[in-house]
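Asker: So here's structure-v8.txt (compact mmCIF, C-alpha atoms and all ligand atoms).
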```
# COMPACT_ATOMS: atom_id res chain seq x y z
CA MET A 3 89.11 107.15 146.85
CA LYS A 4 85.69 106.42 148.36
CA LYS A 5 82.68 107.84 146.59
CA VAL A 6 79.30 109.06 147.84
CA MET A 7 76.37 109.96 145.62
CA VAL A 8 73.89 112.59 146.83
CA VAL A 9 70.72 111.98 144.84
CA TYR A 10 67.78 114.32 145.45
CA HIS A 11 64.81 115.95 143.80
CA SER A 12 64.51 119.72 144.16
CA GLN A 13 62.28 121.96 142.11
CA GLU A 14 59.88 124.27 143.92
CA PHE A 15 62.10 126.58 146.02
CA GLY A 16 65.44 124.75 146.10
CA ASN A 17 64.86 123.73 149.73
CA THR A 18 65.91 120.12 149.24
CA GLU A 19 68.94 121.22 147.24
CA LYS A 20 70.06 123.41 150.16
CA VAL A 21 69.89 120.37 152.46
CA ALA A 22 71.71 118.27 149.84
CA GLU A 23 74.57 120.79 149.79
CA LEU A 24 74.86 120.69 153.59
CA VAL A 25 74.84 116.88 153.56
CA ALA A 26 77.57 116.91 150.90
CA GLN A 27 79.57 119.33 153.05
CA GLY A 28 79.28 116.89 155.97
CA VAL A 29 80.42 113.96 153.84
CA ARG A 30 83.51 115.93 152.75
CA GLN A 31 84.23 116.95 156.34
CA ALA A 32 84.36 113.26 157.30
CA GLY A 33 87.44 112.69 155.13
CA ASP A 34 88.79 112.28 151.65
CA ILE A 35 85.59 111.28 149.82
CA GLN A 36 84.51 112.12 146.29
CA VAL A 37 80.94 113.46 146.24
CA GLU A 38 78.68 113.42 143.21
CA MET A 39 75.47 115.47 143.39
CA ILE A 40 72.50 114.61 141.19
CA ASN A 41 69.26 116.58 141.14
CA THR A 42 66.86 114.02 139.68
CA ASN A 43 64.73 116.89 138.39
CA GLU A 44 67.55 117.73 135.99
CA VAL A 45 68.48 114.31 134.61
CA GLN A 46 66.62 111.75 132.53
CA ARG A 47 67.36 108.83 134.79
CA VAL A 48 69.85 107.99 137.55
CA ASP A 49 72.45 105.37 136.55
CA ILE A 50 71.72 102.58 139.06
CA LYS A 51 74.95 100.76 138.19
CA ALA A 52 76.89 103.86 139.25
CA LEU A 53 74.77 104.04 142.40
CA ALA A 54 75.51 100.38 143.16
CA GLU A 55 79.25 101.02 142.68
CA ALA A 56 79.29 104.03 145.01
CA ASP A 57 80.40 103.42 148.59
CA GLY A 58 77.48 105.33 150.08
CA VAL A 59 74.38 107.20 149.06
CA ALA A 60 72.35 110.10 150.42
CA LEU A 61 68.80 110.29 149.10
CA GLY A 62 66.65 113.39 149.40
CA SER A 63 63.13 114.34 148.43
CA PRO A 64 60.50 116.98 149.06
CA ASP A 65 57.14 115.77 150.35
CA TYR A 66 54.78 115.63 147.39
CA GLY A 67 51.27 114.64 148.44
CA SER A 68 52.59 112.72 151.48
CA TYR A 69 54.88 110.72 149.20
CA VAL A 70 58.34 111.14 147.70
CA ALA A 71 58.76 113.05 144.44
CA GLY A 72 58.12 110.95 141.33
CA THR A 73 61.74 111.04 140.22
CA ILE A 74 62.86 109.59 143.58
CA LYS A 75 60.18 106.88 143.33
CA GLN A 76 61.65 106.14 139.89
CA VAL A 77 65.09 105.66 141.48
CA PHE A 78 63.62 103.09 143.88
CA ASP A 79 61.77 101.34 141.03
CA ASP A 80 64.99 101.22 139.02
CA ILE A 81 66.87 99.85 142.05
CA TYR A 82 64.27 97.07 142.30
CA MET A 83 64.57 96.16 138.62
CA ALA A 84 68.39 96.35 138.64
CA ASN A 85 68.45 93.90 141.53
CA LYS A 86 66.83 91.31 139.25
CA VAL A 87 69.88 91.42 136.98
CA GLY A 88 72.40 91.29 139.82
CA ILE A 89 73.00 95.02 140.32
CA SER A 90 72.42 95.41 144.03
CA VAL A 91 72.46 98.24 146.53
CA GLN A 92 71.59 95.86 149.37
CA GLY A 93 73.19 96.97 152.64
CA LYS A 94 74.82 100.05 151.16
CA PRO A 95 75.40 102.83 153.74
CA CYS A 96 72.67 105.41 153.24
CA VAL A 97 71.07 108.50 154.76
CA LEU A 98 67.73 110.09 153.92
CA PHE A 99 66.65 113.73 154.00
CA MET A 100 63.36 115.38 153.26
CA THR A 101 61.80 118.84 153.17
CA HIS A 102 58.11 119.58 153.41
CA GLY A 103 55.59 122.38 153.60
CA GLY A 104 54.00 121.49 156.93
CA GLY A 105 52.81 117.89 156.56
CA GLY A 106 55.93 115.77 156.25
CA HIS A 107 54.17 112.40 156.06
CA ALA A 108 56.28 111.29 153.10
CA ILE A 109 59.06 110.24 155.46
CA GLU A 110 57.25 106.97 156.20
CA PRO A 111 57.02 105.70 152.59
CA PHE A 112 60.53 107.09 152.04
CA ARG A 113 61.88 104.93 154.88
CA ARG A 114 60.00 101.88 153.60
CA MET A 115 61.41 102.23 150.10
CA ALA A 116 64.96 102.49 151.48
CA ARG A 117 64.67 99.35 153.62
CA ASN A 118 67.23 97.37 151.60
CA LEU A 119 69.84 100.04 152.13
CA LYS A 120 71.64 100.42 155.46
CA LEU A 121 70.46 103.61 157.19
CA VAL A 122 73.44 104.84 159.21
CA ALA A 123 71.59 107.73 160.88
CA GLU A 124 68.05 108.91 161.47
CA PRO A 125 66.60 110.81 158.49
CA PHE A 126 66.82 114.61 158.54
CA VAL A 127 63.45 116.28 157.96
CA CYS A 128 62.79 120.01 157.83
CA GLN A 129 59.92 122.32 157.01
CA ARG A 130 60.76 124.49 153.98
CA GLU A 131 64.43 125.50 153.87
CA PRO A 132 67.11 124.49 156.37
CA GLU A 133 68.51 127.12 158.71
CA GLU A 134 71.80 128.71 157.64
CA GLY A 135 74.57 126.10 157.98
CA CYS A 136 72.06 123.69 159.61
CA PRO A 137 74.29 121.50 161.85
CA GLU A 138 71.87 118.54 161.79
CA ALA A 139 72.08 118.29 158.00
CA VAL A 140 75.87 118.58 158.07
CA ALA A 141 76.01 115.92 160.82
CA LEU A 142 73.92 113.60 158.66
CA GLY A 143 76.49 113.84 155.88
CA GLU A 144 79.32 113.36 158.35
CA ALA A 145 77.67 110.19 159.68
CA LEU A 146 77.47 108.83 156.14
CA GLY A 147 81.06 109.80 155.41
CA LYS A 148 82.29 108.06 158.58
CA ALA A 149 80.28 104.93 157.77
CA VAL A 150 81.79 104.86 154.29
CA LEU A 151 85.34 105.28 155.57
CA GLY A 152 84.72 102.53 158.15
C1 LIG B 1 53.31 119.16 143.88
C2 LIG B 1 53.63 119.47 145.33
C3 LIG B 1 53.02 118.73 146.33
C4 LIG B 1 53.34 118.98 147.66
N1 LIG B 1 52.75 118.23 148.65
C5 LIG B 1 53.08 118.42 149.95
C6 LIG B 1 52.52 117.59 150.98
O1 LIG B 1 51.70 116.69 150.75
N2 LIG B 1 52.94 117.80 152.26
C7 LIG B 1 53.83 118.78 152.59
O2 LIG B 1 54.18 118.91 153.76
N3 LIG B 1 54.38 119.58 151.62
C8 LIG B 1 54.02 119.44 150.32
N4 LIG B 1 54.58 120.24 149.34
C9 LIG B 1 55.58 121.26 149.74
C10 LIG B 1 57.02 120.81 149.46
O3 LIG B 1 57.27 119.53 150.02
C11 LIG B 1 58.03 121.81 150.06
O4 LIG B 1 57.77 123.11 149.61
C12 LIG B 1 59.45 121.38 149.72
O5 LIG B 1 60.34 121.99 150.63
C13 LIG B 1 59.85 121.74 148.30
O6 LIG B 1 61.17 121.32 148.07
P1 LIG B 1 62.08 121.94 146.89
O7 LIG B 1 62.06 123.44 147.09
O8 LIG B 1 63.41 121.35 147.07
O9 LIG B 1 61.45 121.53 145.60
C14 LIG B 1 54.25 120.03 148.01
C15 LIG B 1 54.83 120.77 146.97
C16 LIG B 1 54.53 120.50 145.65
C17 LIG B 1 55.20 121.31 144.55
```
Let me see whether you can do it: turn the structure in this file into structure tokens.

Answerer:
Amino acid sequence: MKKVMVVYHSQEFGNTEKVAELVAQGVRQAGDIQVEMINTNEVQRVDIKALAEADGVALGSPDYGSYVAGTIKQVFDDIYMANKVGISVQGKPCVLFMTHGGGGHAIEPFRRMARNLKLVAEPFVCQREPEEGCPEAVALGEALGKAVLG
């Protein structure tokens, strides 16, 4: 069975977690795909080998000072270091999502950091929490699921 990892930081209000759940719902709607959710605020470190073995990845962050949350930056740093020892996420199907409080500038560095992954849809960005059932967030997950299933 194909596997997608939904890796996100959520801490302040749970806004990013709500988007993550909708994205996961979309991935599952696309077909028979195992979804693993990881809130980076609740784990020591994301296992990059597991990430590299997954068929697709959704990455989510709140905007913190016009940048991604520190734990998501750590994921990108770890991806960079893992690549040096042959653990690569290069070209892996990926989607990005972000929540913010009114600025939202973090999406630019977020996109730059994800440049070695293969973005299969435009990032989903929303101010504060997503609307109930937010179709755009679900569609993002569905796009990832379809890309993974080929
Ligand atoms: C430390 C910190 C810094 C933040 N900096 C920004 C910012 O620069 N721009 C912005 O639009 N929102 C900023 N916010 C607001 C959060 O991005 C927003 O509330 C987000 O939806 C929180 O996601 P969460 O509830 O999943 O943790 C900041 C919040 C915190 C806690």

Asker: What are the closest atom pairs, with distances in Å to one decimal, for each residue of chain A lying within 9 Å of ligand LIG 1 (chain B), using only C-alpha atoms and all ligand atoms, rows by chain and rising residue number, as a Markdown table?

Answerer:
```
| residue | atom | partner | partner_atom | distance |
| --- | --- | --- | --- | --- |
| A:Tyr10 | CA | B:LIG1 | O8 | 8.4 |
| A:His11 | CA | B:LIG1 | O8 | 6.5 |
| A:Ser12 | CA | B:LIG1 | O8 | 3.5 |
| A:Gln13 | CA | B:LIG1 | O9 | 3.6 |
| A:Glu14 | CA | B:LIG1 | O9 | 3.6 |
| A:Phe15 | CA | B:LIG1 | O7 | 3.3 |
| A:Gly16 | CA | B:LIG1 | O7 | 3.8 |
| A:Asn17 | CA | B:LIG1 | O8 | 3.9 |
| A:Thr18 | CA | B:LIG1 | O8 | 3.5 |
| A:Glu19 | CA | B:LIG1 | O8 | 5.5 |
| A:Lys20 | CA | B:LIG1 | O8 | 7.6 |
| A:Val21 | CA | B:LIG1 | O8 | 8.5 |
| A:Gly62 | CA | B:LIG1 | O8 | 8.9 |
| A:Ser63 | CA | B:LIG1 | O8 | 7.1 |
| A:Pro64 | CA | B:LIG1 | O3 | 4.2 |
| A:Asp65 | CA | B:LIG1 | O3 | 3.8 |
| A:Tyr66 | CA | B:LIG1 | N1 | 3.5 |
| A:Gly67 | CA | B:LIG1 | O1 | 3.1 |
| A:Ser68 | CA | B:LIG1 | O1 | 4.1 |
| A:Tyr69 | CA | B:LIG1 | O1 | 6.9 |
| A:Val70 | CA | B:LIG1 | O3 | 8.8 |
| A:Ala71 | CA | B:LIG1 | C1 | 8.2 |
| A:Met100 | CA | B:LIG1 | O5 | 7.7 |
| A:Thr101 | CA | B:LIG1 | O5 | 4.3 |
| A:His102 | CA | B:LIG1 | O3 | 3.5 |
| A:Gly103 | CA | B:LIG1 | N3 | 3.6 |
| A:Gly104 | CA | B:LIG1 | O2 | 4.1 |
| A:Gly105 | CA | B:LIG1 | O2 | 3.3 |
| A:Gly106 | CA | B:LIG1 | O2 | 4.4 |
| A:His107 | CA | B:LIG1 | N2 | 6.7 |
| A:Ala108 | CA | B:LIG1 | N2 | 7.4 |
| A:Cys128 | CA | B:LIG1 | O5 | 7.9 |
| A:Gln129 | CA | B:LIG1 | O5 | 6.4 |
| A:Arg130 | CA | B:LIG1 | O5 | 4.2 |
| A:Glu131 | CA | B:LIG1 | O5 | 6.3 |
```

Asker: Rounded to one decimal, what separation in Å do you get between atom CA of Val140 of chain A and atom CA of Ile35 of chain A?

Answerer: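 Calculated distance between atom CA of Val140 of chain A and atom CA of Ile35 of chain A is 14.7 Å.
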
Asker: Could you produce a table of the residues of segment 39-132 of chain A lying within 12 Å of segment 26-31 of chain A, with the nearest pair of atoms per residue and their separation in Å rounded to one decimal, using all atoms listed in the file, ordered by chain and increasing residue number, as JSON lines?

Answerer:
```
{"residue": "A:Met39", "atom": "CA", "partner": "A:Ala26", "partner_atom": "CA", "distance": 7.9}
{"residue": "A:Ile40", "atom": "CA", "partner": "A:Ala26", "partner_atom": "CA", "distance": 11.2}
{"residue": "A:Asp57", "atom": "CA", "partner": "A:Val29", "partner_atom": "CA", "distance": 11.8}
{"residue": "A:Gly58", "atom": "CA", "partner": "A:Val29", "partner_atom": "CA", "distance": 9.9}
{"residue": "A:Val59", "atom": "CA", "partner": "A:Val29", "partner_atom": "CA", "distance": 10.2}
{"residue": "A:Ala60", "atom": "CA", "partner": "A:Ala26", "partner_atom": "CA", "distance": 8.6}
{"residue": "A:Leu61", "atom": "CA", "partner": "A:Ala26", "partner_atom": "CA", "distance": 11.1}
{"residue": "A:Gly62", "atom": "CA", "partner": "A:Ala26", "partner_atom": "CA", "distance": 11.6}
{"residue": "A:Cys96", "atom": "CA", "partner": "A:Val29", "partner_atom": "CA", "distance": 11.6}
{"residue": "A:Val97", "atom": "CA", "partner": "A:Val29", "partner_atom": "CA", "distance": 10.9}
{"residue": "A:Phe99", "atom": "CA", "partner": "A:Ala26", "partner_atom": "CA", "distance": 11.8}
```

Asker: Dig up all the protein and nucleic acid residues within 12 Å of (78.5, 129.5, 156.5) in the file frame, using only C-alpha atoms, and format them as a list of chain:residue names.

Answerer: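 Within the cut-off we find A:Glu23, A:Leu24, A:Gln27, A:Glu133, A:Glu134, A:Gly135, A:Cys136, A:Pro137, A:Val140.
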
Asker: Which residues of segment 113-147 of chain A have any atom within 12 Å of an atom in segment 79-84 of chain A when counting all atoms listed in the file, and what is the closest pair of atoms for each, with the distance in Å to one decimal? Order the rows by chain and rising number and write it as a Markdown table.

Answerer:
```
| residue | atom | partner | partner_atom | distance |
| --- | --- | --- | --- | --- |
| A:Met115 | CA | A:Asp79 | CA | 9.1 |
| A:Ala116 | CA | A:Ile81 | CA | 10.0 |
| A:Arg117 | CA | A:Tyr82 | CA | 11.6 |
| A:Asn118 | CA | A:Tyr82 | CA | 9.8 |
| A:Leu119 | CA | A:Ile81 | CA | 10.5 |
```

Asker: Just to be explicit: take each residue in the selection above, keep C-alpha atoms, and write the result as a PDB file, in the frame of the given file.

Answerer:
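Generated file (result.pdb):
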```pdb
ATOM      1  CA  MET A 115      61.410 102.230 150.100  1.00  0.00           C
ATOM      2  CA  ALA A 116      64.960 102.490 151.480  1.00  0.00           C
ATOM      3  CA  ARG A 117      64.670  99.350 153.620  1.00  0.00           C
ATOM      4  CA  ASN A 118      67.230  97.370 151.600  1.00  0.00           C
ATOM      5  CA  LEU A 119      69.840 100.040 152.130  1.00  0.00           C
TER       6      LEU A 119
END
```

Asker: Have a look at A:Glu44, A:Asp49, A:Val8, A:Asp34 and name the one nearest to Leu142 of chain A; count only C-alpha atoms.

Answerer: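 Closest residue, counting only C-alpha atoms: A:Val8.
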
Asker: Between A:Val6, A:Ile50, A:Val25, A:Gly152, which one has atoms that come closest to Gly88 of chain A, using all atoms listed in the file?

Answerer: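 So, comparing all the options, the nearest one is A:Ile50.
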
Asker: What is the atom CA of Ala149 of chain A-atom CA of Asn43 of chain A distance in Å, reported with one decimal?

Answerer: 27.6 Å

Asker: One decimal, in Å: what's the spacing between atom CA of Ala56 of chain A and atom CA of Ala145 of chain A?

Answerer: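 If I compute the distance from atom CA of Ala56 of chain A to atom CA of Ala145 of chain A, I get 16.0 Å.
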